[in-house]
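Student: Got a file for you: data_7.pdb, PDB, C-alpha atoms, pLDDT in the B column.
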ATOM      1  CA  ASP E 495      81.287  87.677  95.012  1.00 70.00           C
ATOM      2  CA  GLN E 496      82.844  88.171  98.442  1.00 80.00           C
ATOM      3  CA  GLN E 497      86.370  86.742  98.307  1.00 92.00           C
ATOM      4  CA  VAL E 498      87.090  87.479 101.970  1.00 96.00           C
ATOM      5  CA  LYS E 499      84.351  86.683 104.442  1.00 95.00           C
ATOM      6  CA  GLN E 500      83.909  87.508 108.083  1.00 97.00           C
ATOM      7  CA  ASN E 501      80.724  85.720 108.985  1.00 93.00           C
ATOM      8  CA  SER E 502      80.379  87.073 112.504  1.00 95.00           C
ATOM      9  CA  PRO E 503      79.317  90.725 112.433  1.00 95.00           C
ATOM     10  CA  SER E 504      79.870  91.043 116.179  1.00 97.00           C
ATOM     11  CA  LEU E 505      81.508  89.331 119.136  1.00 97.00           C
ATOM     12  CA  SER E 506      81.305  90.052 122.864  1.00 98.00           C
ATOM     13  CA  VAL E 507      83.844  88.733 125.378  1.00 98.00           C
ATOM     14  CA  GLN E 508      84.733  89.353 128.989  1.00 98.00           C
ATOM     15  CA  GLU E 509      87.877  91.245 129.897  1.00 98.00           C
ATOM     16  CA  GLY E 510      90.773  88.841 130.455  1.00 97.00           C
ATOM     17  CA  ARG E 511      89.291  86.105 128.262  1.00 98.00           C
ATOM     18  CA  ILE E 512      90.363  85.110 124.764  1.00 98.00           C
ATOM     19  CA  SER E 513      88.815  86.748 121.707  1.00 98.00           C
ATOM     20  CA  ILE E 514      88.810  84.689 118.516  1.00 98.00           C
ATOM     21  CA  LEU E 515      87.934  86.410 115.267  1.00 98.00           C
ATOM     22  CA  ASN E 516      87.523  84.318 112.149  1.00 98.00           C
ATOM     23  CA  CYS E 517      87.973  84.923 108.455  1.00 97.00           C
ATOM     24  CA  ASP E 518      87.459  82.722 105.390  1.00 97.00           C
ATOM     25  CA  TYR E 519      88.676  83.325 101.864  1.00 96.00           C
ATOM     26  CA  THR E 520      87.987  81.769  98.496  1.00 95.00           C
ATOM     27  CA  ASN E 521      90.891  82.788  96.280  1.00 89.00           C
ATOM     28  CA  SER E 522      93.881  80.429  96.373  1.00 88.00           C
ATOM     29  CA  MET E 523      96.040  83.198  94.835  1.00 86.00           C
ATOM     30  CA  PHE E 524      96.042  85.142  98.108  1.00 89.00           C
ATOM     31  CA  ASP E 525      99.539  85.006  99.589  1.00 86.00           C
ATOM     32  CA  TYR E 526      99.560  87.630 102.310  1.00 89.00           C
ATOM     33  CA  PHE E 527      96.982  88.230 105.019  1.00 92.00           C
ATOM     34  CA  LEU E 528      96.547  91.078 107.444  1.00 93.00           C
ATOM     35  CA  TRP E 529      94.348  92.111 110.330  1.00 96.00           C
ATOM     36  CA  TYR E 530      93.403  95.738 110.901  1.00 96.00           C
ATOM     37  CA  LYS E 531      91.603  97.358 113.794  1.00 97.00           C
ATOM     38  CA  LYS E 532      89.341 100.331 113.238  1.00 94.00           C
ATOM     39  CA  TYR E 533      87.876 102.781 115.709  1.00 92.00           C
ATOM     40  CA  PRO E 534      84.953 105.010 114.668  1.00 86.00           C
ATOM     41  CA  ALA E 535      85.978 108.036 112.576  1.00 81.00           C
ATOM     42  CA  GLU E 536      89.549 106.759 112.187  1.00 87.00           C
ATOM     43  CA  GLY E 537      91.389 104.881 109.462  1.00 91.00           C
ATOM     44  CA  PRO E 538      92.240 101.190 109.875  1.00 94.00           C
ATOM     45  CA  THR E 539      95.281 100.521 112.060  1.00 93.00           C
ATOM     46  CA  PHE E 540      97.554  97.625 111.149  1.00 93.00           C
ATOM     47  CA  LEU E 541      97.684  94.883 113.787  1.00 96.00           C
ATOM     48  CA  ILE E 542      99.409  91.787 112.499  1.00 95.00           C
ATOM     49  CA  SER E 543     100.089  89.947 109.270  1.00 93.00           C
ATOM     50  CA  ILE E 544     101.026  86.512 108.019  1.00 93.00           C
ATOM     51  CA  SER E 545     102.552  85.218 104.815  1.00 90.00           C
ATOM     52  CA  SER E 546     101.114  82.148 103.143  1.00 90.00           C
ATOM     53  CA  ILE E 547     104.340  80.262 103.798  1.00 91.00           C
ATOM     54  CA  LYS E 548     103.637  80.337 107.540  1.00 94.00           C
ATOM     55  CA  ASP E 549     100.818  78.979 109.645  1.00 96.00           C
ATOM     56  CA  LYS E 550     101.256  81.134 112.729  1.00 97.00           C
ATOM     57  CA  ASN E 551     102.512  84.576 113.649  1.00 97.00           C
ATOM     58  CA  GLU E 552     102.557  86.012 117.134  1.00 97.00           C
ATOM     59  CA  ASP E 553     102.992  89.571 118.383  1.00 97.00           C
ATOM     60  CA  GLY E 554     102.371  90.145 122.056  1.00 97.00           C
ATOM     61  CA  ARG E 555      98.729  89.477 122.861  1.00 98.00           C
ATOM     62  CA  PHE E 556      97.887  88.933 119.184  1.00 98.00           C
ATOM     63  CA  THR E 557      98.332  85.692 117.264  1.00 98.00           C
ATOM     64  CA  VAL E 558      97.191  84.977 113.734  1.00 98.00           C
ATOM     65  CA  PHE E 559      96.713  81.411 112.536  1.00 98.00           C
ATOM     66  CA  LEU E 560      96.489  80.441 108.875  1.00 97.00           C
ATOM     67  CA  ASN E 561      95.015  77.161 107.624  1.00 97.00           C
ATOM     68  CA  LYS E 562      95.627  77.155 103.875  1.00 95.00           C
ATOM     69  CA  SER E 563      93.867  73.884 103.178  1.00 95.00           C
ATOM     70  CA  ALA E 564      90.705  75.229 104.763  1.00 96.00           C
ATOM     71  CA  LYS E 565      91.275  78.772 103.424  1.00 96.00           C
ATOM     72  CA  HIS E 566      90.720  80.045 106.921  1.00 97.00           C
ATOM     73  CA  LEU E 567      92.522  82.397 109.234  1.00 96.00           C
ATOM     74  CA  SER E 568      91.838  83.541 112.748  1.00 98.00           C
ATOM     75  CA  LEU E 569      93.028  86.248 115.095  1.00 98.00           C
ATOM     76  CA  HIS E 570      93.420  85.409 118.770  1.00 98.00           C
ATOM     77  CA  ILE E 571      93.640  88.157 121.361  1.00 98.00           C
ATOM     78  CA  VAL E 572      94.589  87.068 124.844  1.00 97.00           C
ATOM     79  CA  PRO E 573      93.980  88.446 127.340  1.00 98.00           C
ATOM     80  CA  SER E 574      91.295  90.721 125.904  1.00 98.00           C
ATOM     81  CA  GLN E 575      91.167  94.281 127.206  1.00 97.00           C
ATOM     82  CA  PRO E 576      88.385  96.904 127.009  1.00 96.00           C
ATOM     83  CA  GLY E 577      90.650  99.019 124.753  1.00 95.00           C
ATOM     84  CA  ASP E 578      90.524  96.201 122.187  1.00 97.00           C
ATOM     85  CA  SER E 579      86.874  97.054 121.501  1.00 97.00           C
ATOM     86  CA  ALA E 580      86.760  98.045 117.834  1.00 97.00           C
ATOM     87  CA  VAL E 581      85.893  96.714 114.382  1.00 97.00           C
ATOM     88  CA  TYR E 582      88.420  94.155 113.145  1.00 98.00           C
ATOM     89  CA  PHE E 583      88.965  93.683 109.427  1.00 97.00           C
ATOM     90  CA  CYS E 584      90.619  90.726 107.791  1.00 97.00           C
ATOM     91  CA  ALA E 585      92.374  91.550 104.504  1.00 94.00           C
ATOM     92  CA  ALA E 586      94.147  89.516 101.852  1.00 92.00           C
ATOM     93  CA  SER E 587      96.538  90.377  99.066  1.00 87.00           C
ATOM     94  CA  PRO E 588      96.603  88.369  95.836  1.00 80.00           C
ATOM     95  CA  ASN E 589      99.879  87.498  94.181  1.00 68.00           C
ATOM     96  CA  TYR E 590      99.473  87.948  90.463  1.00 57.00           C
ATOM     97  CA  GLY E 591     103.177  87.963  89.723  1.00 53.00           C
ATOM     98  CA  GLY E 592     103.656  91.075  91.798  1.00 53.00           C
ATOM     99  CA  ALA E 593     101.706  93.253  89.381  1.00 50.00           C
ATOM    100  CA  THR E 594      99.249  94.550  91.898  1.00 57.00           C
ATOM    101  CA  ASN E 595      99.031  94.535  95.628  1.00 75.00           C
ATOM    102  CA  LYS E 596      95.592  95.737  96.441  1.00 87.00           C
ATOM    103  CA  LEU E 597      94.046  94.493  99.642  1.00 90.00           C
ATOM    104  CA  ILE E 598      90.703  92.759  99.606  1.00 92.00           C
ATOM    105  CA  PHE E 599      88.833  93.245 102.851  1.00 95.00           C
ATOM    106  CA  GLY E 600      86.156  91.362 104.697  1.00 96.00           C
ATOM    107  CA  THR E 601      83.129  93.192 106.082  1.00 95.00           C
ATOM    108  CA  GLY E 602      84.513  93.368 109.607  1.00 96.00           C
ATOM    109  CA  THR E 603      83.655  92.030 113.058  1.00 97.00           C
ATOM    110  CA  LEU E 604      82.728  94.377 115.872  1.00 97.00           C
ATOM    111  CA  LEU E 605      84.458  93.214 119.043  1.00 98.00           C
ATOM    112  CA  ALA E 606      83.139  94.390 122.394  1.00 98.00           C
ATOM    113  CA  VAL E 607      85.235  93.564 125.454  1.00 98.00           C
ATOM    114  CA  GLN E 608      83.159  93.859 128.599  1.00 96.00           C
ATOM    115  CA  PRO E 609      84.935  95.046 131.764  1.00 92.00           C
TER     116      PRO E 609
ATOM    117  CA  GLY Y 459     107.444 109.798 112.303  1.00 56.00           C
ATOM    118  CA  ALA Y 460     104.385 111.220 110.605  1.00 83.00           C
ATOM    119  CA  GLY Y 461     101.797 108.813 109.317  1.00 93.00           C
ATOM    120  CA  VAL Y 462      99.524 109.091 106.316  1.00 96.00           C
ATOM    121  CA  SER Y 463      97.491 112.279 106.369  1.00 97.00           C
ATOM    122  CA  GLN Y 464      94.338 113.114 104.437  1.00 97.00           C
ATOM    123  CA  THR Y 465      92.532 116.386 103.867  1.00 97.00           C
ATOM    124  CA  PRO Y 466      89.849 117.436 104.323  1.00 97.00           C
ATOM    125  CA  SER Y 467      88.616 115.167 107.093  1.00 96.00           C
ATOM    126  CA  ASN Y 468      85.032 115.862 106.064  1.00 96.00           C
ATOM    127  CA  LYS Y 469      83.590 117.174 102.831  1.00 97.00           C
ATOM    128  CA  VAL Y 470      79.960 118.040 102.153  1.00 98.00           C
ATOM    129  CA  THR Y 471      79.010 118.863  98.588  1.00 97.00           C
ATOM    130  CA  GLU Y 472      75.986 119.035  96.367  1.00 97.00           C
ATOM    131  CA  LYS Y 473      75.074 116.579  93.672  1.00 97.00           C
ATOM    132  CA  GLY Y 474      76.788 117.455  90.426  1.00 97.00           C
ATOM    133  CA  LYS Y 475      79.728 119.291  91.975  1.00 98.00           C
ATOM    134  CA  TYR Y 476      83.412 118.489  91.620  1.00 98.00           C
ATOM    135  CA  VAL Y 477      85.541 117.454  94.615  1.00 98.00           C
ATOM    136  CA  GLU Y 478      89.206 116.805  95.286  1.00 98.00           C
ATOM    137  CA  LEU Y 479      90.520 114.685  98.134  1.00 98.00           C
ATOM    138  CA  ARG Y 480      94.172 114.850  99.109  1.00 98.00           C
ATOM    139  CA  CYS Y 481      96.534 112.236 100.535  1.00 98.00           C
ATOM    140  CA  ASP Y 482     100.037 112.720 101.954  1.00 98.00           C
ATOM    141  CA  PRO Y 483     101.721 109.314 102.287  1.00 97.00           C
ATOM    142  CA  ILE Y 484     104.424 108.337 104.721  1.00 96.00           C
ATOM    143  CA  SER Y 485     107.694 109.909 103.616  1.00 94.00           C
ATOM    144  CA  GLY Y 486     109.695 107.555 101.410  1.00 92.00           C
ATOM    145  CA  HIS Y 487     106.797 105.251 100.600  1.00 94.00           C
ATOM    146  CA  THR Y 488     106.676 104.619  96.875  1.00 93.00           C
ATOM    147  CA  ALA Y 489     103.336 102.810  96.833  1.00 93.00           C
ATOM    148  CA  LEU Y 490     100.053 104.624  97.415  1.00 96.00           C
ATOM    149  CA  TYR Y 491      96.519 103.231  97.426  1.00 96.00           C
ATOM    150  CA  TRP Y 492      93.031 104.675  97.489  1.00 98.00           C
ATOM    151  CA  TYR Y 493      90.111 102.743  98.959  1.00 97.00           C
ATOM    152  CA  ARG Y 494      86.458 103.576  99.508  1.00 97.00           C
ATOM    153  CA  GLN Y 495      84.453 102.320 102.475  1.00 95.00           C
ATOM    154  CA  SER Y 496      80.680 102.393 102.581  1.00 93.00           C
ATOM    155  CA  LEU Y 497      78.688 101.923 105.746  1.00 89.00           C
ATOM    156  CA  GLY Y 498      78.791  98.348 107.025  1.00 88.00           C
ATOM    157  CA  GLN Y 499      81.369  97.272 104.464  1.00 92.00           C
ATOM    158  CA  GLY Y 500      85.096  96.796 104.380  1.00 94.00           C
ATOM    159  CA  PRO Y 501      87.303  99.134 102.377  1.00 95.00           C
ATOM    160  CA  GLU Y 502      87.172  98.534  98.611  1.00 96.00           C
ATOM    161  CA  PHE Y 503      90.173  99.101  96.393  1.00 95.00           C
ATOM    162  CA  LEU Y 504      90.070 101.969  93.918  1.00 97.00           C
ATOM    163  CA  ILE Y 505      93.570 102.616  92.538  1.00 96.00           C
ATOM    164  CA  TYR Y 506      97.235 101.848  93.199  1.00 94.00           C
ATOM    165  CA  PHE Y 507     100.207 104.083  92.372  1.00 94.00           C
ATOM    166  CA  GLN Y 508     103.797 102.950  92.159  1.00 92.00           C
ATOM    167  CA  GLY Y 509     105.744 106.187  92.057  1.00 92.00           C
ATOM    168  CA  THR Y 510     104.013 108.608  89.723  1.00 94.00           C
ATOM    169  CA  GLY Y 511     102.176 106.050  87.630  1.00 92.00           C
ATOM    170  CA  ALA Y 512      98.860 104.327  88.237  1.00 92.00           C
ATOM    171  CA  ALA Y 513      99.848 100.658  88.207  1.00 88.00           C
ATOM    172  CA  ASP Y 514      96.301  99.421  88.753  1.00 90.00           C
ATOM    173  CA  ASP Y 515      93.143 101.520  88.400  1.00 93.00           C
ATOM    174  CA  SER Y 516      90.768  98.587  88.046  1.00 91.00           C
ATOM    175  CA  GLY Y 517      88.770  99.597  91.121  1.00 94.00           C
ATOM    176  CA  LEU Y 518      87.695 103.027  89.892  1.00 96.00           C
ATOM    177  CA  PRO Y 519      83.902 102.699  89.480  1.00 95.00           C
ATOM    178  CA  ASN Y 520      83.545 104.884  86.376  1.00 94.00           C
ATOM    179  CA  ASP Y 521      85.143 107.709  84.437  1.00 95.00           C
ATOM    180  CA  ARG Y 522      83.937 110.340  86.905  1.00 97.00           C
ATOM    181  CA  PHE Y 523      86.717 109.181  89.200  1.00 98.00           C
ATOM    182  CA  PHE Y 524      90.338 110.081  88.520  1.00 97.00           C
ATOM    183  CA  ALA Y 525      93.504 110.210  90.622  1.00 97.00           C
ATOM    184  CA  VAL Y 526      96.949 111.688  90.138  1.00 97.00           C
ATOM    185  CA  ARG Y 527     100.312 111.561  91.865  1.00 97.00           C
ATOM    186  CA  PRO Y 528     102.446 113.893  89.748  1.00 95.00           C
ATOM    187  CA  GLU Y 529     105.613 113.926  91.856  1.00 94.00           C
ATOM    188  CA  GLY Y 530     105.388 110.473  93.356  1.00 92.00           C
ATOM    189  CA  SER Y 531     104.367 111.700  96.793  1.00 95.00           C
ATOM    190  CA  VAL Y 532     101.080 113.545  97.374  1.00 97.00           C
ATOM    191  CA  SER Y 533      98.058 112.141  95.563  1.00 98.00           C
ATOM    192  CA  THR Y 534      94.717 113.714  94.722  1.00 98.00           C
ATOM    193  CA  LEU Y 535      91.520 111.772  94.095  1.00 98.00           C
ATOM    194  CA  LYS Y 536      89.155 113.744  91.886  1.00 98.00           C
ATOM    195  CA  ILE Y 537      85.447 113.084  91.508  1.00 98.00           C
ATOM    196  CA  GLN Y 538      83.459 114.871  88.813  1.00 97.00           C
ATOM    197  CA  ARG Y 539      79.690 115.363  88.747  1.00 97.00           C
ATOM    198  CA  THR Y 540      79.285 113.836  92.179  1.00 98.00           C
ATOM    199  CA  GLU Y 541      76.300 111.625  92.880  1.00 97.00           C
ATOM    200  CA  ARG Y 542      74.640 110.756  96.183  1.00 97.00           C
ATOM    201  CA  GLY Y 543      75.967 107.221  95.826  1.00 96.00           C
ATOM    202  CA  ASP Y 544      79.514 108.577  96.025  1.00 97.00           C
ATOM    203  CA  SER Y 545      78.965 109.338  99.707  1.00 97.00           C
ATOM    204  CA  ALA Y 546      81.451 107.202 101.649  1.00 96.00           C
ATOM    205  CA  MET Y 547      84.697 107.259 103.596  1.00 96.00           C
ATOM    206  CA  TYR Y 548      87.650 107.598 101.238  1.00 98.00           C
ATOM    207  CA  LEU Y 549      90.817 106.052 102.632  1.00 97.00           C
ATOM    208  CA  CYS Y 550      94.373 106.428 101.485  1.00 97.00           C
ATOM    209  CA  ALA Y 551      97.180 104.013 102.356  1.00 96.00           C
ATOM    210  CA  SER Y 552     100.878 103.805 101.591  1.00 95.00           C
ATOM    211  CA  SER Y 553     103.532 101.133 101.756  1.00 91.00           C
ATOM    212  CA  LEU Y 554     107.282 101.221 101.346  1.00 89.00           C
ATOM    213  CA  ASN Y 555     107.667  99.471  98.014  1.00 83.00           C
ATOM    214  CA  GLY Y 556     104.344  97.927  97.094  1.00 77.00           C
ATOM    215  CA  GLY Y 557     104.446  94.165  97.010  1.00 73.00           C
ATOM    216  CA  SER Y 558     103.143  91.891  99.718  1.00 70.00           C
ATOM    217  CA  GLU Y 559     103.796  94.222 102.606  1.00 77.00           C
ATOM    218  CA  THR Y 560     101.872  96.215 105.144  1.00 85.00           C
ATOM    219  CA  GLN Y 561      99.784  99.137 104.000  1.00 90.00           C
ATOM    220  CA  TYR Y 562      99.389 102.005 106.470  1.00 93.00           C
ATOM    221  CA  PHE Y 563      96.148 103.931 106.343  1.00 95.00           C
ATOM    222  CA  GLY Y 564      95.301 107.564 106.871  1.00 96.00           C
ATOM    223  CA  PRO Y 565      92.302 108.758 108.888  1.00 95.00           C
ATOM    224  CA  GLY Y 566      90.136 109.074 105.791  1.00 96.00           C
ATOM    225  CA  THR Y 567      87.941 111.747 104.242  1.00 97.00           C
ATOM    226  CA  ARG Y 568      84.242 111.389 104.842  1.00 96.00           C
ATOM    227  CA  LEU Y 569      82.405 112.594 101.741  1.00 97.00           C
ATOM    228  CA  LEU Y 570      78.723 113.435 101.866  1.00 97.00           C
ATOM    229  CA  VAL Y 571      76.922 114.305  98.648  1.00 97.00           C
ATOM    230  CA  LEU Y 572      73.567 115.978  99.229  1.00 96.00           C
TER     231      LEU Y 572
END
Please go through the file and, once you have read it, give me the structure as structure tokens.

Tutor:
Amino acid sequence: DQQVKQNSPSLSVQEGRISILNCDYTNSMFDYFLWYKKYPAEGPTFLISISSIKDKNEDGRFTVFLNKSAKHLSLHIVPSQPGDSAVYFCAASPNYGGATNKLIFGTGTLLAVQP
Amino acid sequence: GAGVSQTPSNKVTEKGKYVELRCDPISGHTALYWYRQSLGQGPEFLIYFQGTGAADDSGLPNDRFFAVRPEGSVSTLKIQRTERGDSAMYLCASSLNGGSETQYFGPGTRLLVL
């Protein structure tokens, strides 16, 4: 049972355009969401996060939007650059009274930014 | 400052052998996590340490897998009687205090069981 879903395995965009990566989740106990970027043969690199008490968080070219009623979040990258080409993972952390803080990951979306 | 480091970067072993994978977290981080990533999948949680103790080991797949963090810093993931299905990327992450905060990942150890 996949609690965090990234339904698009890949996405291709032109340099300078907006990239929108989507993520859906099923567990209403998730209270913290993160996006990681991963290059081949490297560990995931933290990009941006959002708490469930917010609906938007922005950091430079990266913005994460959270729609709790729809259990949906998205990552916007604008403008996209060729160096953004990587696999992007959405992750969520459940709040079970603070007892555990494991991250539950989606399967990733491969973003290719074409020059 | 130094990030999370993991050794070895690659490990090839034979079915039935014992392996140890090491993780050095970011200095001062009390929380440490192990994840496993198979091809085409996202990382899957294995175990979480808060200090020296395993606060949550619910992700360990079976009793062949064990992890320790005796001094609250370096951690070792131990796999006994390895099987071909154990082949994966093993990732370690740390965070400052645990809780709903950012986890920082190491580069991983790629394990191949022949």

Student: Closest to chain E among Y:Ile484, Y:Leu570, Y:Leu504, Y:Val477, using only C-alpha atoms?

Tutor: Y:Leu504

Student: If I wrap all listed atoms of range 518-532 of chain E in a box with edges along x, y and z and add 4 Å on each side, what are its centre and edge lengths in Å to one decimal, as JSON?

Tutor:
{"center_x": 93.5, "center_y": 90.4, "center_z": 104.3, "size_x": 20.1, "size_y": 27.9, "size_z": 27.0}

Student: Can you turn the ChimeraX specification (/E :<12) & /Y into a concrete residue list for this file, as a PyMOL selection string?

Tutor: chain Y and resi 461-464+467-468+489-508+512-517+546-553+555-568

Student: Once the PyMOL selection byres ((chain E and resi 552) around 12) has been evaluated on this model, what residues remain selected, and can you format them as a list of chain:residue names?

Tutor: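 The output of the PyMOL selection byres ((chain E and resi 552) around 12) on this file is E:Leu541, E:Ile542, E:Ser543, E:Ile544, E:Lys548, E:Asp549, E:Lys550, E:Asn551, E:Asp553, E:Gly554, E:Arg555, E:Phe556, E:Thr557, E:Val558, E:Phe559, E:Leu560, E:Ser568, E:Leu569, E:His570, E:Ile571, E:Val572.
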
Student: Keeping only C-alpha atoms, write the selected residues as an mmCIF file, in the coordinates of the input.

Tutor:
data_model
loop_
_atom_site.group_PDB
_atom_site.id
_atom_site.type_symbol
_atom_site.label_atom_id
_atom_site.label_comp_id
_atom_site.auth_asym_id
_atom_site.auth_seq_id
_atom_site.Cartn_x
_atom_site.Cartn_y
_atom_site.Cartn_z
ATOM 1 C CA LEU E 541 97.684 94.883 113.787
ATOM 2 C CA ILE E 542 99.409 91.787 112.499
ATOM 3 C CA SER E 543 100.089 89.947 109.270
ATOM 4 C CA ILE E 544 101.026 86.512 108.019
ATOM 5 C CA LYS E 548 103.637 80.337 107.540
ATOM 6 C CA ASP E 549 100.818 78.979 109.645
ATOM 7 C CA LYS E 550 101.256 81.134 112.729
ATOM 8 C CA ASN E 551 102.512 84.576 113.649
ATOM 9 C CA ASP E 553 102.992 89.571 118.383
ATOM 10 C CA GLY E 554 102.371 90.145 122.056
ATOM 11 C CA ARG E 555 98.729 89.477 122.861
ATOM 12 C CA PHE E 556 97.887 88.933 119.184
ATOM 13 C CA THR E 557 98.332 85.692 117.264
ATOM 14 C CA VAL E 558 97.191 84.977 113.734
ATOM 15 C CA PHE E 559 96.713 81.411 112.536
ATOM 16 C CA LEU E 560 96.489 80.441 108.875
ATOM 17 C CA SER E 568 91.838 83.541 112.748
ATOM 18 C CA LEU E 569 93.028 86.248 115.095
ATOM 19 C CA HIS E 570 93.420 85.409 118.770
ATOM 20 C CA ILE E 571 93.640 88.157 121.361
ATOM 21 C CA VAL E 572 94.589 87.068 124.844
#

Student: For the atom pair CA of Val526 in chain Y and CA of Gly511 in chain Y, what is the interatomic distance in Å to one decimal place?

Tutor: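 A separation of 8.1 Å between them.
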
Student: Would you work out the distance separating CA of Lys475 in chain Y from CA of Gln538 in chain Y, expressed in Å to one decimal?

Tutor: 6.6 Å

Student: So how many Å separate CA of Phe524 in chain Y and CA of Thr488 in chain Y, to one decimal?

Tutor: 19.1 Å

Student: For Gln500 in chain E, which residue among E:Tyr533, E:Asn521, E:Gly577, E:Leu604 is the nearest when counting only C-alpha atoms?

Tutor: E:Leu604

Student: For range 496-518 of chain Y, where the input has fewer atoms than it should, I would like N, CA and C atoms rebuilt and written as a compact mmCIF listing (two decimals), in the coordinates of the input.

Tutor:
# COMPACT_ATOMS: atom_id res chain seq x y z
N SER Y 496 82.07 102.04 102.34
CA SER Y 496 80.68 102.39 102.58
C SER Y 496 80.26 101.82 103.92
N LEU Y 497 79.15 102.33 104.43
CA LEU Y 497 78.69 101.92 105.75
C LEU Y 497 78.45 100.41 105.81
N GLY Y 498 79.02 99.77 106.83
CA GLY Y 498 78.79 98.35 107.02
C GLY Y 498 79.63 97.45 106.14
N GLN Y 499 80.52 98.05 105.37
CA GLN Y 499 81.37 97.27 104.46
C GLN Y 499 82.84 97.46 104.81
N GLY Y 500 83.67 96.58 104.28
CA GLY Y 500 85.10 96.80 104.38
C GLY Y 500 85.56 97.74 103.30
N PRO Y 501 86.77 98.27 103.44
CA PRO Y 501 87.30 99.13 102.38
C PRO Y 501 87.39 98.39 101.05
N GLU Y 502 87.09 99.10 99.95
CA GLU Y 502 87.17 98.53 98.61
C GLU Y 502 88.22 99.29 97.81
N PHE Y 503 89.06 98.54 97.16
CA PHE Y 503 90.17 99.10 96.39
C PHE Y 503 89.69 99.96 95.23
N LEU Y 504 90.35 101.11 95.06
CA LEU Y 504 90.07 101.97 93.92
C LEU Y 504 91.24 102.01 92.94
N ILE Y 505 92.44 102.40 93.44
CA ILE Y 505 93.57 102.62 92.54
C ILE Y 505 94.87 102.49 93.32
N TYR Y 506 95.92 102.06 92.61
CA TYR Y 506 97.24 101.85 93.20
C TYR Y 506 98.28 102.57 92.36
N PHE Y 507 99.10 103.39 93.03
CA PHE Y 507 100.21 104.08 92.37
C PHE Y 507 101.53 103.48 92.82
N GLN Y 508 102.41 103.27 91.86
CA GLN Y 508 103.80 102.95 92.16
C GLN Y 508 104.60 104.13 91.60
N GLY Y 509 105.12 104.94 92.50
CA GLY Y 509 105.74 106.19 92.06
C GLY Y 509 104.70 107.13 91.51
N THR Y 510 104.94 107.65 90.32
CA THR Y 510 104.01 108.61 89.72
C THR Y 510 102.92 107.95 88.90
N GLY Y 511 103.10 106.70 88.55
CA GLY Y 511 102.18 106.05 87.63
C GLY Y 511 101.13 105.19 88.32
N ALA Y 512 99.94 105.19 87.74
CA ALA Y 512 98.86 104.33 88.24
C ALA Y 512 99.10 102.91 87.72
N ALA Y 513 99.55 102.04 88.61
CA ALA Y 513 99.85 100.66 88.21
C ALA Y 513 98.60 99.81 88.09
N ASP Y 514 97.54 100.18 88.79
CA ASP Y 514 96.30 99.42 88.75
C ASP Y 514 95.15 100.37 89.10
N ASP Y 515 94.31 100.65 88.14
CA ASP Y 515 93.14 101.52 88.40
C ASP Y 515 91.84 100.75 88.21
N SER Y 516 91.91 99.44 88.34
CA SER Y 516 90.77 98.59 88.05
C SER Y 516 89.60 98.78 89.00
N GLY Y 517 89.84 99.41 90.16
CA GLY Y 517 88.77 99.60 91.12
C GLY Y 517 87.99 100.89 90.96
N LEU Y 518 88.45 101.78 90.10
CA LEU Y 518 87.70 103.03 89.89
C LEU Y 518 86.33 102.68 89.30
